[in-house]
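As stored in target_6.txt (compact mmCIF, C-alpha atoms):
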```
# COMPACT_ATOMS: atom_id res chain seq x y z
CA MET A 1 110.19 115.50 145.30
CA THR A 2 107.70 112.71 144.64
CA THR A 3 105.47 112.48 141.59
CA LEU A 4 102.48 113.38 143.75
CA ASN A 5 104.18 116.49 145.09
CA ARG A 6 105.20 117.55 141.57
CA ARG A 7 101.63 117.11 140.37
CA ASP A 8 100.26 119.15 143.27
CA LEU A 9 102.89 121.85 142.75
CA GLY A 10 102.04 121.94 139.05
CA LEU A 11 98.34 122.34 139.86
CA LEU A 12 99.19 125.16 142.26
CA VAL A 13 101.18 127.03 139.61
CA LEU A 14 98.48 126.47 136.98
CA ARG A 15 95.70 127.54 139.34
CA VAL A 16 97.45 130.69 140.54
CA GLY A 17 98.52 131.76 137.05
CA THR A 18 95.15 131.13 135.44
CA GLY A 19 93.25 132.58 138.38
CA ALA A 20 95.35 135.74 138.41
CA VAL A 21 94.80 136.36 134.70
CA LEU A 22 91.06 135.80 135.03
CA ALA A 23 90.79 137.97 138.14
CA ALA A 24 92.73 140.79 136.46
CA HIS A 25 90.35 140.77 133.49
CA GLY A 26 87.34 140.62 135.78
CA THR A 27 88.48 143.55 137.91
CA GLN A 28 88.83 145.61 134.74
CA LYS A 29 85.13 145.01 134.16
CA LEU A 30 83.95 145.49 137.73
CA PHE A 31 86.23 148.20 139.11
CA GLY A 32 88.01 149.76 136.14
CA TRP A 33 91.36 148.47 137.41
CA PHE A 34 94.29 147.89 135.04
CA GLY A 35 92.87 150.27 132.44
CA GLY A 36 89.42 148.71 132.34
CA GLY A 37 86.12 150.47 131.88
CA GLY A 38 84.47 149.48 135.15
CA VAL A 39 80.85 148.40 135.15
CA GLU A 40 79.61 151.42 133.17
CA GLY A 41 82.26 151.18 130.46
CA THR A 42 81.91 147.43 130.25
CA ALA A 43 78.12 147.75 130.04
CA LYS A 44 78.50 150.05 127.02
CA GLY A 45 80.81 147.50 125.43
CA MET A 46 78.42 144.66 126.25
CA GLU A 47 75.57 146.54 124.63
CA ALA A 48 77.66 147.15 121.50
CA MET A 49 78.47 143.43 121.40
CA GLY A 50 74.79 142.52 121.63
CA PHE A 51 74.51 141.42 125.25
CA HIS A 52 71.21 142.38 126.88
CA PRO A 53 70.68 143.64 129.49
CA PRO A 54 74.14 145.21 129.22
CA ARG A 55 74.74 146.26 132.84
CA GLU A 56 73.76 142.86 134.23
CA SER A 57 75.85 141.18 131.53
CA ALA A 58 78.86 143.29 132.51
CA ILE A 59 78.43 142.42 136.18
CA ALA A 60 77.95 138.72 135.43
CA ALA A 61 81.06 138.60 133.22
CA GLY A 62 83.10 140.50 135.80
CA LEU A 63 81.95 138.28 138.65
CA GLY A 64 82.56 135.11 136.66
CA GLU A 65 86.09 136.19 135.85
CA THR A 66 86.99 137.83 139.16
CA GLY A 67 85.25 135.36 141.45
CA GLY A 68 86.20 132.33 139.41
CA GLY A 69 89.79 133.56 139.14
CA VAL A 70 90.23 134.30 142.84
CA LEU A 71 88.67 130.99 143.86
CA LEU A 72 90.82 129.09 141.36
CA ALA A 73 93.96 130.77 142.66
CA LEU A 74 93.01 129.86 146.23
CA GLY A 75 91.89 126.37 145.28
CA LEU A 76 88.55 126.91 147.00
CA ALA A 77 85.28 125.53 145.57
CA THR A 78 87.40 124.62 142.59
CA PRO A 79 84.65 122.95 140.53
CA ALA A 80 82.36 125.97 140.88
CA ALA A 81 85.27 128.35 140.22
CA GLY A 82 86.32 126.51 137.08
CA ALA A 83 82.75 126.29 135.83
CA ALA A 84 82.07 130.00 136.45
CA ALA A 85 85.24 131.07 134.67
CA ALA A 86 84.61 128.68 131.78
CA GLY A 87 81.07 129.99 131.42
CA ALA A 88 82.28 133.59 131.33
CA MET A 89 84.85 132.65 128.69
CA ALA A 90 82.11 130.99 126.58
CA GLY A 91 80.52 134.43 126.29
CA ALA A 92 83.86 135.94 125.26
CA VAL A 93 84.37 133.18 122.69
CA SER A 94 81.00 134.00 121.15
CA VAL A 95 82.12 137.60 120.62
CA HIS A 96 85.42 136.63 118.98
CA LEU A 97 84.09 133.67 116.97
CA PRO A 98 83.43 135.58 113.73
CA ALA A 99 87.11 136.63 113.59
CA GLY A 100 88.32 133.03 113.45
CA PHE A 101 90.65 131.17 115.76
CA PHE A 102 93.87 133.14 116.15
CA ALA A 103 94.07 136.02 118.64
CA GLN A 104 96.27 138.15 116.38
CA GLY A 105 93.28 138.53 114.07
CA GLY A 106 90.84 139.17 116.92
CA GLY A 107 89.87 135.51 117.16
CA TYR A 108 88.71 133.37 120.06
CA GLU A 109 92.01 131.57 120.78
CA TYR A 110 92.75 133.37 124.07
CA PRO A 111 89.33 133.21 125.77
CA ALA A 112 88.94 129.61 124.62
CA PHE A 113 92.30 128.70 126.15
CA LEU A 114 91.42 130.40 129.44
CA GLY A 115 88.02 128.70 129.47
CA PHE A 116 89.40 125.24 128.75
CA THR A 117 92.14 125.69 131.34
CA ALA A 118 89.66 126.83 134.01
CA ALA A 119 87.35 123.93 133.16
CA ALA A 120 90.19 121.42 133.34
CA ILE A 121 91.26 122.68 136.76
CA GLY A 122 87.64 122.57 137.95
CA ILE A 123 87.32 118.96 136.83
CA ALA A 124 90.77 117.80 137.98
CA GLY A 125 90.59 119.47 141.38
CA ALA A 126 92.92 121.88 143.10
CA GLY A 127 95.49 119.46 144.46
CA ARG A 128 97.10 119.23 147.88
CA TYR A 129 98.25 122.86 148.10
CA SER A 130 94.77 124.37 148.20
CA LEU A 131 92.01 125.53 150.49
CA ASP A 132 89.85 122.68 149.18
CA HIS A 133 92.39 120.23 150.56
CA ALA A 134 92.64 122.16 153.84
CA THR A 135 88.85 122.04 154.25
CA CYS A 136 88.65 118.30 153.48
CA HIS A 137 87.08 119.01 150.06
CA VAL A 138 83.77 120.17 151.51
CA LEU A 139 83.17 122.28 148.36
CA ASP A 140 84.87 119.86 145.98
CA ARG A 141 82.59 116.83 145.75
CA PRO A 142 81.51 114.95 142.62
CA TRP A 143 78.00 116.37 142.84
CA VAL A 144 79.46 119.89 142.98
CA VAL A 145 81.41 119.23 139.77
CA ALA A 146 78.29 117.99 137.97
CA THR A 147 76.02 120.73 139.30
CA ALA A 148 78.48 123.56 138.68
CA PHE A 149 79.31 122.58 135.11
CA LEU A 150 75.71 121.84 134.19
CA GLY A 151 74.58 125.18 135.64
CA SER A 152 77.38 127.06 133.92
CA ALA A 153 76.72 125.38 130.57
CA LEU A 154 73.01 126.17 130.76
CA ALA A 155 73.65 129.79 131.77
CA ALA A 156 76.26 130.28 129.03
CA ALA A 157 73.96 128.74 126.44
CA ALA A 158 71.13 131.04 127.51
CA VAL A 159 73.30 134.18 127.44
CA VAL A 160 74.94 133.37 124.12
CA GLY A 161 71.61 132.28 122.64
CA ARG A 162 69.97 135.53 123.72
CA ARG A 163 72.83 137.49 122.18
CA VAL A 164 72.54 135.62 118.87
CA GLN A 165 68.76 136.12 118.86
CA ALA A 166 69.17 139.86 119.47
CA GLN A 167 71.74 140.10 116.68
CA ASN A 168 69.44 138.24 114.28
CA GLU A 169 66.55 140.55 115.14
CA GLU A 170 68.80 143.56 114.62
CA SER A 171 69.89 142.24 111.21
CA GLU A 172 66.27 141.73 110.15
CA GLU A 173 65.44 145.35 111.05
CA GLU A 174 68.18 146.70 108.80
```
Rewrite the coordinates I just gave you, this time as structure tokens.
Amino acid sequence: MTTLNRRDLGLLVLRVGTGAVLAAHGTQKLFGWFGGGGVEGTAKGMEAMGFHPPRESAIAAGLGETGGGVLLALGLATPAAGAAAAGAMAGAVSVHLPAGFFAQGGGYEYPAFLGFTAAAIGIAGAGRYSLDHATCHVLDRPWVVATAFLGSALAAAAVVGRRVQAQNEESEEE
């Protein structure tokens, strides 16, 4: 096996593993699979965490995780998939940030790791064993990388900023 083949095989394993984990979490939010709350249950949780509007926030988080995860696993539109998943994880990091870094204490370690991994795959590309490769990288161009990550960063900043603002307003009312 050549170095190139090992690299492409490694990217395949990383993509499928990361994508499957993200998609599983997303389907909990969207469909209630794997013990999740579905959109309604997730919306209640989003509201309790300070995300407004809660239903739209639940759908956006579920789509970012499910869609980003499935596309990462397939290696299709990899920059957009990585950016969407990373953006969704930025919202999750904001929720866990007050608890510190480590997951065992409720911290942001796990969503940060998933977000960084998805972003790295989106930037690096899917490799040879992917639908992007099979489609001659039509959806994996440099401008797609820049556009996807800029859009995701702006959207995540807006969502997290809105959440922080709502929490600050809530604190002032108390």
Do you know which residues lie at most 12 Å from (88.5, 132.4, 145.6), with coordinates as in the file and only C-alpha atoms counted, and could you write them as number ranges by chain? A: 15-16, 19-20, 22-23, 63-82, 84-85, 126, 130-132, 139
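Of the residues under consideration (A:Arg128, A:His96, A:His137, A:Arg6), A:His96 shows the shortest atom-to-atom contact distance to Tyr110 in chain A when counting only C-alpha atoms.
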Shell around Leu154 in chain A at 12 Å using all atoms listed in the file, local window under 3 positions removed, as a ChimeraX atom specification: /A:83-84,86-88,90,147-151,157-161
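Using only C-alpha atoms, every residue with an atom at most 9 Å from the point (65.2, 144.0, 125.4) is listed here: His52, Pro53 and Ala166 of chain A.
When CA of Asp140 in chain A is paired with CA of Ile123 in chain A, their separation reads 9.5 Å.
Of the residues listed (A:Ala112, A:Ala124, A:Cys136, A:Met89), A:Met89 shows the shortest atom-to-atom separation from Ala156 in chain A; distances use only C-alpha atoms.
Note that the spacing between CA of His25 in chain A and CA of Gly100 in chain A amounts to 21.6 Å.
Here the question is which of A:Ile121, A:Val144, A:Glu169, A:Val138 gets nearest to Asp8 in chain A using all atoms listed in the file, and that residue is A:Ile121.
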When you count all atoms listed in the file, which of these residues is closest to Ala120 in chain A: A:Val145, A:Leu97, A:Ala155, A:Ala103? A:Val145
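You can rank A:Asn5, A:Gly122, A:Ala58, A:Phe101 by their closest distance to Gly37 in chain A using all atoms listed in the file, and at the top of that list sits A:Ala58.
Here CA of Gln104 in chain A is placed at a distance of 22.7 Å from CA of Ala61 in chain A.
Compared by their closest atoms to Gly50 in chain A, and using only C-alpha atoms, the residues A:Ala99, A:Ala92, A:Ala134, A:Ala153 rank with A:Ala92 nearest.
Contact shell of Thr42 in chain A at 12 Å (all atoms listed in the file; same-chain neighbours under 6 positions omitted): His25, Gly26, Thr27, Gln28, Lys29, Leu30, Phe31, Gly32, Trp33, Gly35, Gly36, Ala48, Met49, Phe51, Pro53, Pro54, Arg55, Glu56, Ser57, Ala58, Ile59, Ala60, Ala61 and Gly62 of chain A.
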